[in-house]
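Q: Take a look at query.txt, compact mmCIF, C-alpha atoms:
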```txt
# COMPACT_ATOMS: atom_id res chain seq x y z
CA GLY A 131 -2.54 6.99 -12.24
CA TRP A 132 -2.60 6.85 -8.47
CA PRO A 133 0.38 5.35 -6.61
CA GLY A 134 -1.00 1.97 -5.68
CA LEU A 135 -3.66 2.66 -3.07
CA TYR A 136 -6.53 3.92 -5.11
CA GLN A 137 -8.23 1.19 -7.12
CA TYR A 138 -10.51 0.12 -4.27
CA VAL A 139 -14.13 0.87 -3.52
CA THR A 140 -14.17 1.99 0.12
CA CYS A 141 -11.43 4.33 1.34
CA ALA A 142 -10.38 5.50 4.79
CA ASN A 143 -8.30 8.65 4.99
CA ALA A 144 -5.53 9.15 7.54
CA GLY A 145 -7.17 10.46 10.71
CA HIS A 146 -10.46 8.55 10.49
CA PRO A 147 -11.77 6.82 13.65
CA MET A 148 -10.66 3.30 14.55
CA ASN A 149 -13.31 1.99 16.92
CA TRP A 150 -13.93 -1.05 19.12
CA LYS A 151 -17.53 -1.03 17.87
CA ALA A 152 -19.31 0.72 15.03
CA SER A 153 -20.36 4.18 16.14
CA ARG A 154 -20.67 7.73 14.92
CA VAL A 155 -19.19 8.67 18.31
CA PRO A 156 -15.46 7.71 18.35
CA ASN A 157 -14.79 5.15 21.10
CA ALA A 158 -11.17 4.02 20.70
CA CYS A 159 -8.36 5.56 18.67
CA THR A 160 -7.42 7.31 15.43
CA GLY A 161 -6.32 5.67 12.20
CA SER A 162 -3.07 6.71 10.57
CA PHE A 163 -1.45 6.21 7.16
CA GLY A 164 -1.85 3.20 4.87
CA VAL A 165 1.35 1.31 4.02
CA ARG A 166 2.47 -1.46 1.70
CA LEU A 167 4.40 -4.52 2.89
CA TRP A 168 7.29 -6.04 0.93
CA ASN A 169 4.82 -8.29 -0.92
CA GLY A 170 2.57 -5.38 -1.92
CA GLN A 171 -0.18 -6.14 0.62
CA ALA A 172 -1.93 -3.15 2.17
CA ARG A 173 -2.03 -2.44 5.91
CA PHE A 174 -3.45 0.35 8.03
CA LEU A 175 -1.42 1.83 10.89
CA THR A 176 -2.52 2.88 14.36
CA ALA A 177 -1.03 2.80 17.85
CA GLY A 178 -0.27 -0.67 19.19
CA HIS A 179 -1.81 0.00 22.61
CA CYS A 180 -5.21 0.62 21.00
CA PHE A 181 -6.04 -2.97 19.94
CA ALA A 182 -4.86 -6.52 20.56
CA LEU A 183 -3.66 -9.00 17.94
CA GLY A 184 -6.65 -10.40 16.07
CA ASN A 185 -9.05 -7.63 17.09
CA THR A 186 -11.58 -6.39 14.56
CA ILE A 187 -11.43 -2.65 13.91
CA PHE A 188 -14.67 -0.76 13.25
CA GLY A 189 -15.33 2.58 11.64
CA THR A 190 -18.48 4.63 11.99
CA ASP A 191 -20.74 2.11 10.25
CA GLY A 192 -19.13 -1.31 10.45
CA PRO A 193 -15.92 -3.36 10.57
CA PHE A 194 -13.22 -2.62 8.01
CA ALA A 195 -9.92 -4.18 9.19
CA GLN A 196 -8.35 -6.80 11.47
CA VAL A 197 -5.11 -6.54 13.45
CA THR A 198 -2.48 -8.87 11.95
CA ASP A 199 0.73 -7.60 13.59
CA ASN A 200 1.18 -5.92 16.96
CA PRO A 201 4.68 -5.86 18.48
CA HIS A 202 3.66 -3.52 21.32
CA GLY A 203 4.73 -4.95 24.67
CA GLN A 204 7.32 -7.28 23.15
CA LEU A 205 11.06 -7.08 23.67
CA ASP A 206 12.34 -4.50 21.19
CA GLY A 207 8.71 -3.86 20.28
CA LEU A 208 7.00 -0.83 18.78
CA ASP A 209 3.79 0.93 19.82
CA THR A 210 2.41 0.57 16.30
CA LEU A 211 0.19 -2.13 14.81
CA LEU A 212 -0.68 -3.29 11.31
CA ALA A 213 -4.29 -3.96 10.36
CA LEU A 214 -5.35 -5.84 7.23
CA PRO A 215 -8.15 -4.01 5.37
CA TYR A 216 -11.26 -5.96 4.49
CA PRO A 217 -11.78 -6.78 0.79
CA ASN A 218 -12.50 -3.73 -1.35
CA THR A 219 -11.15 -1.43 1.36
CA ASP A 220 -7.95 0.57 1.39
CA GLY A 221 -6.59 3.94 2.45
CA LEU A 222 -6.07 7.19 0.61
CA GLN A 223 -3.02 9.17 1.70
CA ILE A 224 -5.16 12.21 2.38
CA ILE A 225 -5.31 13.88 5.79
CA ALA A 226 -8.99 13.64 6.81
CA ASN A 227 -10.71 16.96 7.58
CA HIS A 228 -7.61 18.76 6.33
CA GLY A 229 -7.59 17.71 2.70
CA SER A 230 -3.84 17.72 2.16
CA ARG A 231 -2.47 14.90 0.02
CA VAL A 232 0.68 13.17 1.24
CA VAL A 233 3.46 13.66 -1.33
CA GLY A 234 6.49 12.53 0.70
CA LEU A 235 8.06 11.74 4.05
CA LEU A 236 9.61 13.89 6.76
CA HIS A 237 12.75 11.91 7.56
CA ASN A 238 14.31 11.36 10.98
CA ASN A 239 17.01 13.96 10.76
CA GLN A 240 14.56 16.59 9.61
CA LEU A 241 12.79 16.14 12.94
CA GLN A 242 14.98 18.59 14.82
CA VAL A 243 14.16 20.83 17.78
CA GLY A 244 11.90 23.59 16.51
CA SER A 245 10.64 21.70 13.44
CA PRO A 246 6.92 22.40 12.85
CA VAL A 247 4.53 19.43 12.84
CA CYS A 248 0.76 18.89 13.03
CA MET A 249 -1.33 15.98 14.34
CA LEU A 250 -4.89 14.93 13.50
CA GLY A 251 -6.72 13.08 16.28
CA ILE A 252 -10.38 12.14 16.63
CA SER A 253 -10.55 14.11 19.90
CA SER A 254 -8.32 17.11 19.20
CA GLY A 255 -8.83 17.59 15.47
CA VAL A 256 -5.85 19.18 13.70
CA VAL A 257 -3.39 20.67 16.19
CA CYS A 258 0.12 21.95 15.51
CA GLY A 259 3.31 22.63 17.41
CA THR A 260 7.07 22.21 17.20
CA VAL A 261 9.50 19.40 18.03
CA THR A 262 11.10 19.63 21.49
CA GLY A 263 13.37 16.57 21.20
CA TRP A 264 13.66 12.78 21.08
CA GLN A 265 12.73 10.60 24.06
CA THR A 266 12.11 6.91 24.87
CA TRP A 267 8.66 5.25 24.83
CA THR A 268 7.13 2.13 26.42
CA ASN A 269 9.08 -0.56 24.52
CA GLY A 270 12.33 1.40 24.59
CA GLU A 271 11.64 2.75 21.10
CA PRO A 272 12.50 6.37 20.25
CA VAL A 273 9.69 8.91 20.01
CA VAL A 274 9.65 12.53 18.90
CA CYS A 275 8.07 14.85 21.47
CA THR A 276 6.45 18.16 20.63
CA THR A 277 4.42 21.10 21.89
CA TYR A 278 1.16 20.18 20.13
CA PRO A 279 -1.78 19.49 22.51
CA ARG A 280 -3.43 16.07 22.64
CA GLN A 281 -6.31 14.19 24.29
CA GLY A 282 -7.37 10.62 24.91
CA GLY A 283 -8.49 9.01 21.66
CA ASP A 284 -5.85 10.79 19.56
CA SER A 285 -3.49 7.79 19.68
CA GLY A 286 -2.64 6.50 16.23
CA GLY A 287 -3.34 9.83 14.57
CA PRO A 288 -1.17 10.90 11.63
CA VAL A 289 1.56 13.43 12.32
CA PHE A 290 2.56 15.52 9.34
CA THR A 291 3.69 18.87 8.02
CA HIS A 292 2.17 20.72 5.10
CA ASP A 293 2.80 23.61 2.75
CA GLY A 294 -0.61 25.28 3.03
CA HIS A 295 -1.34 24.49 -0.61
CA GLY A 296 -2.74 20.97 -0.33
CA GLN A 297 0.52 19.03 0.02
CA ALA A 298 1.58 17.17 3.17
CA TRP A 299 4.60 15.15 4.29
CA ALA A 300 4.14 12.20 6.65
CA ALA A 301 6.12 12.54 9.87
CA GLY A 302 4.78 9.72 12.05
CA LEU A 303 2.07 8.31 14.30
CA HIS A 304 0.89 9.90 17.56
CA VAL A 305 1.10 7.70 20.68
CA GLY A 306 0.67 9.91 23.76
CA THR A 307 2.62 12.23 26.02
CA LEU A 308 5.57 12.18 28.39
CA ASN A 309 5.36 13.96 31.74
CA GLY A 310 2.02 15.53 30.80
CA ALA A 311 3.59 17.83 28.23
CA GLY A 312 2.84 18.00 24.49
CA GLY A 313 2.21 15.04 22.21
CA CYS A 314 4.81 12.45 21.21
CA PHE A 315 4.91 10.38 18.03
CA ILE A 316 6.80 7.49 16.48
CA ALA A 317 8.62 8.70 13.38
CA ILE A 318 7.51 7.34 10.01
CA ASP A 319 11.09 6.29 9.19
CA THR A 320 11.13 4.18 12.36
CA ILE A 321 7.80 2.53 11.51
CA LEU A 322 8.64 1.73 7.89
CA SER A 323 12.05 0.34 8.83
CA TYR A 324 10.58 -1.84 11.60
CA PHE A 325 7.96 -3.47 9.38
CA GLY A 326 9.92 -3.42 6.13
CA ALA A 327 7.10 -1.38 4.62
CA THR A 328 6.73 1.53 2.22
CA LEU A 329 4.38 4.51 2.15
CA PRO A 330 2.78 5.18 -1.24
CA VAL A 331 2.37 8.90 -1.90
CA PHE A 332 0.73 11.20 -4.41
CA PRO A 333 2.86 12.87 -7.09
CA SER A 334 4.23 16.21 -5.91
CA SER A 335 3.28 19.44 -7.64
CA ASN A 336 5.78 22.23 -8.23
CA ARG A 337 4.54 24.28 -5.30
CA ALA A 338 7.24 25.27 -2.84
CA ALA A 339 7.10 23.36 0.44
CA VAL A 340 7.70 24.73 3.90
CA GLN A 341 11.31 24.49 4.99
CA ALA A 342 10.70 21.47 7.22
CA ALA A 343 9.03 19.48 4.47
CA PRO A 344 11.41 18.04 1.86
CA GLY A 345 10.26 16.44 -1.33
CA PRO A 346 9.67 12.69 -1.52
CA ASP A 347 13.06 12.06 -3.14
CA ALA A 348 15.04 13.27 -0.13
CA ASP A 349 17.14 10.30 1.04
CA LEU A 350 18.68 11.10 4.40
CA PRO A 351 20.46 8.83 6.89
CA PRO A 352 18.64 7.93 10.11
CA LEU A 353 19.31 10.06 13.15
CA GLN A 354 21.62 8.45 15.73
CA LEU A 355 19.64 8.59 18.97
CA PRO A 356 21.04 8.68 22.51
CA GLU A 357 19.80 6.22 25.11
CA LEU A 358 17.40 8.33 27.16
CA PRO A 359 15.61 7.31 30.37
CA PRO A 360 11.84 7.09 29.92
CA GLY A 361 9.72 9.87 31.39
CA LYS A 362 6.23 9.50 32.82
CA ILE A 363 4.48 7.84 29.89
CA GLN A 364 0.80 8.46 29.17
CA PRO A 365 -0.66 6.77 26.09
CA ASP A 366 -3.66 8.45 24.49
```
Can the structure from this file be put into structure tokens for me?

A:
Amino acid sequence: GWPGLYQYVTCANAGHPMNWKASRVPNACTGSFGVRLWNGQARFLTAGHCFALGNTIFGTDGPFAQVTDNPHGQLDGLDTLLALPYPNTDGLQIIANHGSRVVGLLHNNQLQVGSPVCMLGISSGVVCGTVTGWQTWTNGEPVVCTTYPRQGGDSGGPVFTHDGHGQAWAAGLHVGTLNGAGGCFIAIDTILSYFGATLPVFPSSNRAAVQAAPGPDADLPPLQLPELPPGKIQPD
């Protein structure tokens, strides 16, 4: 059977629009992965600067979630929010418009300079690049910066790597850019640790993954990050 997320009626894949009002034209941000809290409850992820606590989130045709947790702007906060899906709604760990199924995580110390990653945003579509290093974001949290291009509206989009054969590994959540360069994202390890959450994934096949994409059983220690001064921050 599916790993927890798949018994519901209406599903939103990672990379679907998260709107301020129902519209076929995206008007806010991009949805990311679906997670499980310690008590098994489902939550959607997107960037914290996209919505305020209590806001209703719309898709293309109507509302589907409400913001329940948003530590963005708080001391030791995180530019990531949690949204409670409406009844009979949940998320499939499939990258929208790409089709890859998430089978594991790309852990912090696999996110090294030169590591390949892709991002799906409602404005940019699927774009890819490589990691350029770790920096500091708006709340003092670490972000991974890259060479992939980005546009306004991409915030919240899933960042991932894939093997070209339908398997993907979750790397994080896009939040913007520093100094007008490529996109930056909050690592999935950072997000899950902050909220005490888990990311359900599909079973992995026996296909070989790209070098930067370990299997879901890889258990690596978190990267020790230096204290870096923030650059010119531009959320998307």

Q: Have a look at A:Cys180, A:Val197, A:Leu250, A:Val305 and name the one nearest to A:Asn157; count only C-alpha atoms.

A: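 So, comparing all the options, the nearest one is A:Cys180.
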
Q: Leaving out A:Ser153 and any residue of its chain fewer than 3 positions from it, which residues lie within 12 Å of it when counting all atoms listed in the file, given as a list in words?

A: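 The filter keeps Pro147, Met148, Asn149, Trp150, Pro156, Asn157, Ala158, Ile187, Phe188, Gly189, Thr190, Asp191, Gly192 and Pro193 of chain A.
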
Q: For A:Ala298, please output as a list in words all residues within 7 Å (counting only C-alpha atoms; exclusion window: fewer than 5 positions along the same chain).

A: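 Result of the neighbour search: Ser230, Arg231, Val232, Val233, Phe290, Thr291, His292 and Asp293 of chain A.
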
Q: Considering only C-alpha atoms, return as a ChimeraX atom specification whatever protein or nucleic-acid residues lie within 9 Å of A:Gln196, sequence-local ones (same chain, fewer than 6 positions apart) excluded.

A: /A:183-188,212-216

Q: Hey, can you check how far atom CA of A:Pro201 sits from atom CA of A:Val256?

A: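 Rounded to one decimal, the two atoms are 27.6 Å apart.
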
Q: My list of candidates is A:Trp264, A:Val257, A:Asn169, A:Ile224. Which is closest to A:Val243 when distances are computed with only C-alpha atoms?

A: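 Looking at the shortest contact to A:Val243, the residue is A:Trp264.
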
Q: Taking only residues of stretch 203-237 of chain A that have an atom at most 12 Å from an atom of stretch 325-328 of chain A, what is each one's shortest atom pair and its distance in Å to one decimal, using all atoms listed in the file, in chain and number order, as JSON lines?

A:
```
{"residue": "A:Gly207", "atom": "CA", "partner": "A:Phe325", "partner_atom": "CA", "distance": 10.9}
{"residue": "A:Leu208", "atom": "CA", "partner": "A:Phe325", "partner_atom": "CA", "distance": 9.8}
{"residue": "A:Thr210", "atom": "CA", "partner": "A:Phe325", "partner_atom": "CA", "distance": 9.7}
{"residue": "A:Leu211", "atom": "CA", "partner": "A:Phe325", "partner_atom": "CA", "distance": 9.6}
{"residue": "A:Leu212", "atom": "CA", "partner": "A:Phe325", "partner_atom": "CA", "distance": 8.9}
{"residue": "A:Gly234", "atom": "CA", "partner": "A:Thr328", "partner_atom": "CA", "distance": 11.1}
{"residue": "A:Leu235", "atom": "CA", "partner": "A:Thr328", "partner_atom": "CA", "distance": 10.5}
```

Q: List as an MDAnalysis selection string: which residues have an atom within 12 Å of (-6.9, 12.0, 8.4), counting only C-alpha atoms?

A: chainID A and resid 141:148 160:164 175:176 221:232 248:252 255:256 284 286:290 298 300 303

Q: Write the selection just made, keeping C-alpha atoms, as a PDB file, keeping the file's coordinate frame?

A:
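The resulting file, selection.pdb, is reproduced below:
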```
ATOM      1  CA  CYS A 141     -11.430   4.330   1.340  1.00  0.00           C
ATOM      2  CA  ALA A 142     -10.380   5.500   4.790  1.00  0.00           C
ATOM      3  CA  ASN A 143      -8.300   8.650   4.990  1.00  0.00           C
ATOM      4  CA  ALA A 144      -5.530   9.150   7.540  1.00  0.00           C
ATOM      5  CA  GLY A 145      -7.170  10.460  10.710  1.00  0.00           C
ATOM      6  CA  HIS A 146     -10.460   8.550  10.490  1.00  0.00           C
ATOM      7  CA  PRO A 147     -11.770   6.820  13.650  1.00  0.00           C
ATOM      8  CA  MET A 148     -10.660   3.300  14.550  1.00  0.00           C
ATOM      9  CA  THR A 160      -7.420   7.310  15.430  1.00  0.00           C
ATOM     10  CA  GLY A 161      -6.320   5.670  12.200  1.00  0.00           C
ATOM     11  CA  SER A 162      -3.070   6.710  10.570  1.00  0.00           C
ATOM     12  CA  PHE A 163      -1.450   6.210   7.160  1.00  0.00           C
ATOM     13  CA  GLY A 164      -1.850   3.200   4.870  1.00  0.00           C
ATOM     14  CA  LEU A 175      -1.420   1.830  10.890  1.00  0.00           C
ATOM     15  CA  THR A 176      -2.520   2.880  14.360  1.00  0.00           C
ATOM     16  CA  GLY A 221      -6.590   3.940   2.450  1.00  0.00           C
ATOM     17  CA  LEU A 222      -6.070   7.190   0.610  1.00  0.00           C
ATOM     18  CA  GLN A 223      -3.020   9.170   1.700  1.00  0.00           C
ATOM     19  CA  ILE A 224      -5.160  12.210   2.380  1.00  0.00           C
ATOM     20  CA  ILE A 225      -5.310  13.880   5.790  1.00  0.00           C
ATOM     21  CA  ALA A 226      -8.990  13.640   6.810  1.00  0.00           C
ATOM     22  CA  ASN A 227     -10.710  16.960   7.580  1.00  0.00           C
ATOM     23  CA  HIS A 228      -7.610  18.760   6.330  1.00  0.00           C
ATOM     24  CA  GLY A 229      -7.590  17.710   2.700  1.00  0.00           C
ATOM     25  CA  SER A 230      -3.840  17.720   2.160  1.00  0.00           C
ATOM     26  CA  ARG A 231      -2.470  14.900   0.020  1.00  0.00           C
ATOM     27  CA  VAL A 232       0.680  13.170   1.240  1.00  0.00           C
ATOM     28  CA  CYS A 248       0.760  18.890  13.030  1.00  0.00           C
ATOM     29  CA  MET A 249      -1.330  15.980  14.340  1.00  0.00           C
ATOM     30  CA  LEU A 250      -4.890  14.930  13.500  1.00  0.00           C
ATOM     31  CA  GLY A 251      -6.720  13.080  16.280  1.00  0.00           C
ATOM     32  CA  ILE A 252     -10.380  12.140  16.630  1.00  0.00           C
ATOM     33  CA  GLY A 255      -8.830  17.590  15.470  1.00  0.00           C
ATOM     34  CA  VAL A 256      -5.850  19.180  13.700  1.00  0.00           C
ATOM     35  CA  ASP A 284      -5.850  10.790  19.560  1.00  0.00           C
ATOM     36  CA  GLY A 286      -2.640   6.500  16.230  1.00  0.00           C
ATOM     37  CA  GLY A 287      -3.340   9.830  14.570  1.00  0.00           C
ATOM     38  CA  PRO A 288      -1.170  10.900  11.630  1.00  0.00           C
ATOM     39  CA  VAL A 289       1.560  13.430  12.320  1.00  0.00           C
ATOM     40  CA  PHE A 290       2.560  15.520   9.340  1.00  0.00           C
ATOM     41  CA  ALA A 298       1.580  17.170   3.170  1.00  0.00           C
ATOM     42  CA  ALA A 300       4.140  12.200   6.650  1.00  0.00           C
ATOM     43  CA  LEU A 303       2.070   8.310  14.300  1.00  0.00           C
TER      44      LEU A 303
END
```
